[in-house]
Amino acid sequence: SATSATSLADITALGLTGSFTAANKVYDGTTAATVATRTLNNVLPADTASVSLTGGTATFANANVGTGKSVTLAGATLSGSAAGNYTLGSVGTASADITPKSVTPVIVAGSKPYDGNTTATLSSQSITGTLGADVVTLGVGAVNFDTRSVGTGKTVTATALTLSGTDAGNYTLSATSATSLADITALGLTGSFTAGNKVYDGTTAAPVAPRPPN
């Protein structure tokens, strides 16, 4: 009675899995990550240009410095003209590095009276560039003037610098030493002598007795 016959049936969406790569970043105190590339698996060849993995929020497992840290992508979706023919299942995890943030050592040196050596003292030591409430302190191994002689605005150098504190592992020093300016002032001396006796000569002149060697 007819040259054709019809029926009803469903074409269900083809399930896909996604994967991505994440970019390394410098420590910024957050878990935010950046997606570098995205890939969909099992897309039919005819649709490779018509469906893609988009959106979502990538995050590191925690904010601290580390290599090969796990990164997850949540909320990614399918887009493109063929997206309706597919459904997104799982999106795999990626790995990336969080590298230490560079911070700058800062010192303020105190002046001193001449004492015959180059040893200096600091009135303060700190770092600039830390984030938020991160606890990081600067340690100094040695502090010295450039020379031991008296002078103003002399260079003082702090060496053997280290970082310590709860969040020190997330930072690295931008330099292995730090400098400041300070004075070495002249050392005050006092003198003494003994006077010699004399026969009256009508003057107030007094002889100084021989001075002992220093």
# chains A, B, ... in the order shown; residues from 1 in each chain; ligands from 1
call {"tool": "select_by_dssp", "arguments": {"residues": "segment 3-209 of chain A", "states": "helix (DSSP H, G or I)", "output": "compact mmCIF listing (two decimals) with N, CA and C atoms, in the first residue's frame"}}
result
# COMPACT_ATOMS: atom_id res chain seq x y z
N PRO A 45 34.72 12.45 13.91
CA PRO A 45 35.56 13.26 13.02
C PRO A 45 34.83 14.41 12.34
N ALA A 46 33.58 14.18 11.96
CA ALA A 46 32.84 15.22 11.24
C ALA A 46 32.51 16.42 12.13
N ASP A 47 32.60 16.23 13.45
CA ASP A 47 32.19 17.29 14.38
C ASP A 47 33.35 17.94 15.12
N ALA A 83 27.19 20.79 19.65
CA ALA A 83 27.25 20.45 21.08
C ALA A 83 26.03 19.67 21.55
N GLY A 84 24.87 19.93 20.95
CA GLY A 84 23.66 19.25 21.36
C GLY A 84 23.67 17.76 21.09
N ASN A 85 24.58 17.28 20.27
CA ASN A 85 24.67 15.86 19.94
C ASN A 85 25.55 15.09 20.93
N ALA A 168 57.30 31.19 54.64
CA ALA A 168 58.59 31.44 53.98
C ALA A 168 58.79 30.58 52.73
N GLY A 169 58.24 29.37 52.74
CA GLY A 169 58.42 28.47 51.61
C GLY A 169 57.80 28.95 50.32
N ASN A 170 56.94 29.94 50.39
CA ASN A 170 56.29 30.46 49.19
C ASN A 170 57.04 31.63 48.57
call {"tool": "select_by_dssp", "arguments": {"residues": "segment 7-114 of chain A", "states": "strand (DSSP E or B)", "output": "PyMOL selection string"}}
result
chain A and resi 14-22+25-26+32+35-41+52-54+57-60+66-74+77-79+86-91+94-99+101-109+112-113
call {"tool": "residues_around", "arguments": {"residues": "Leu78 of chain A", "least_positions_apart": "3", "cutoff": "8 Å", "atoms": "only C-alpha atoms", "output": "PDB file with C-alpha atoms, in the first residue's frame"}}
result
ATOM      1  CA  VAL A  51      32.024  21.139  19.423  1.00  0.00           C
ATOM      2  CA  SER A  52      34.500  22.255  22.069  1.00  0.00           C
ATOM      3  CA  LEU A  53      35.097  22.281  25.797  1.00  0.00           C
ATOM      4  CA  THR A  54      34.623  25.755  27.262  1.00  0.00           C
ATOM      5  CA  ALA A  83      27.247  20.450  21.083  1.00  0.00           C
ATOM      6  CA  TYR A  86      27.005  15.179  22.838  1.00  0.00           C
ATOM      7  CA  THR A  87      26.992  15.085  26.597  1.00  0.00           C
ATOM      8  CA  LEU A  88      29.988  15.823  28.793  1.00  0.00           C
TER       9      LEU A  88
END
call {"tool": "residues_around", "arguments": {"residues": "Thr176 of chain A", "least_positions_apart": "3", "cutoff": "7 Å", "atoms": "only C-alpha atoms", "output": "short mmCIF file (atom, residue, chain, number, x, y, z; two decimals) with C-alpha atoms, in the first residue's frame"}}
result
data_model
loop_
_atom_site.label_atom_id
_atom_site.label_comp_id
_atom_site.auth_asym_id
_atom_site.auth_seq_id
_atom_site.Cartn_x
_atom_site.Cartn_y
_atom_site.Cartn_z
CA THR A 159 75.05 38.78 53.90
CA ALA A 160 73.99 35.17 54.50
CA LEU A 161 70.34 36.20 54.16
CA LEU A 173 64.92 36.36 47.92
#
call {"tool": "closest_residue", "arguments": {"among": "A:Ala58, A:Ala178, A:Ala209, A:Ala13", "to": "Thr93 of chain A", "atoms": "only C-alpha atoms"}}
result
A:Ala58
call {"tool": "atom_distance", "arguments": {"atom1": "atom CA of Arg38 of chain A", "atom2": "atom CA of Lys101 of chain A"}}
result
27.4 Å
call {"tool": "residues_around", "arguments": {"residues": "Thr57 of chain A", "least_positions_apart": "2", "cutoff": "10 Å", "atoms": "only C-alpha atoms", "output": "PyMOL selection string"}}
result
chain A and resi 32-35+55+59+72-76
call {"tool": "write_last_selection", "arguments": {"atoms": "N, CA and C atoms", "output": "mmCIF file, in the first residue's frame"}}
result
data_model
loop_
_atom_site.group_PDB
_atom_site.id
_atom_site.type_symbol
_atom_site.label_atom_id
_atom_site.label_comp_id
_atom_site.auth_asym_id
_atom_site.auth_seq_id
_atom_site.Cartn_x
_atom_site.Cartn_y
_atom_site.Cartn_z
ATOM 1 N N ALA A 32 43.697 29.911 42.449
ATOM 2 C CA ALA A 32 43.277 30.113 41.064
ATOM 3 C C ALA A 32 44.312 29.570 40.079
ATOM 4 N N ALA A 33 43.833 28.852 39.069
ATOM 5 C CA ALA A 33 44.701 28.299 38.029
ATOM 6 C C ALA A 33 44.197 28.746 36.669
ATOM 7 N N THR A 34 45.071 28.699 35.682
ATOM 8 C CA THR A 34 44.720 29.084 34.315
ATOM 9 C C THR A 34 44.797 27.868 33.405
ATOM 10 N N VAL A 35 43.735 27.650 32.624
ATOM 11 C CA VAL A 35 43.723 26.545 31.667
ATOM 12 C C VAL A 35 44.553 26.935 30.450
ATOM 13 N N GLY A 55 34.669 27.171 29.209
ATOM 14 C CA GLY A 55 34.247 27.632 30.525
ATOM 15 C C GLY A 55 34.829 26.827 31.673
ATOM 16 N N THR A 59 41.287 25.236 39.498
ATOM 17 C CA THR A 59 41.876 25.546 40.813
ATOM 18 C C THR A 59 42.950 24.536 41.181
ATOM 19 N N THR A 72 42.164 20.987 39.193
ATOM 20 C CA THR A 72 40.867 20.496 38.748
ATOM 21 C C THR A 72 40.125 21.597 37.996
ATOM 22 N N LEU A 73 39.236 21.165 37.070
ATOM 23 C CA LEU A 73 38.421 22.092 36.298
ATOM 24 C C LEU A 73 36.954 21.775 36.561
ATOM 25 N N ALA A 74 36.243 22.688 37.195
ATOM 26 C CA ALA A 74 34.836 22.492 37.538
ATOM 27 C C ALA A 74 33.953 23.414 36.712
ATOM 28 N N GLY A 75 32.770 22.906 36.312
ATOM 29 C CA GLY A 75 31.795 23.738 35.615
ATOM 30 C C GLY A 75 32.029 23.913 34.136
ATOM 31 N N ALA A 76 32.916 23.108 33.538
ATOM 32 C CA ALA A 76 33.135 23.207 32.095
ATOM 33 C C ALA A 76 31.910 22.678 31.344
#
call {"tool": "closest_atom_pairs", "arguments": {"of": "segment 52-168 of chain A", "to": "segment 188-205 of chain A", "cutoff": "12 Å", "atoms": "only C-alpha atoms", "output": "tab-separated table"}}
result
residue	atom	partner	partner_atom	distance
A:Pro113	CA	A:Gly188	CA	8.5
A:Tyr114	CA	A:Gly188	CA	9.0
A:Asp115	CA	A:Gly188	CA	10.8
call {"tool": "write_last_selection", "arguments": {"atoms": "N, CA, C and O atoms", "output": "mmCIF file, in the first residue's frame"}}
result
data_model
loop_
_atom_site.group_PDB
_atom_site.id
_atom_site.type_symbol
_atom_site.label_atom_id
_atom_site.label_comp_id
_atom_site.auth_asym_id
_atom_site.auth_seq_id
_atom_site.Cartn_x
_atom_site.Cartn_y
_atom_site.Cartn_z
ATOM 1 N N PRO A 113 80.588 54.546 66.850
ATOM 2 C CA PRO A 113 81.903 55.173 66.983
ATOM 3 C C PRO A 113 82.987 54.205 66.514
ATOM 4 O O PRO A 113 82.804 52.982 66.575
ATOM 5 N N TYR A 114 84.088 54.754 66.072
ATOM 6 C CA TYR A 114 85.207 53.937 65.599
ATOM 7 C C TYR A 114 85.622 52.929 66.674
ATOM 8 O O TYR A 114 85.807 53.273 67.838
ATOM 9 N N ASP A 115 85.717 51.656 66.268
ATOM 10 C CA ASP A 115 86.143 50.615 67.213
ATOM 11 C C ASP A 115 87.205 49.699 66.624
ATOM 12 O O ASP A 115 87.505 48.646 67.183
#
call {"tool": "atom_distance", "arguments": {"atom1": "atom CA of Thr17 of chain A", "atom2": "atom CA of Thr67 of chain A"}}
result
25.8 Å
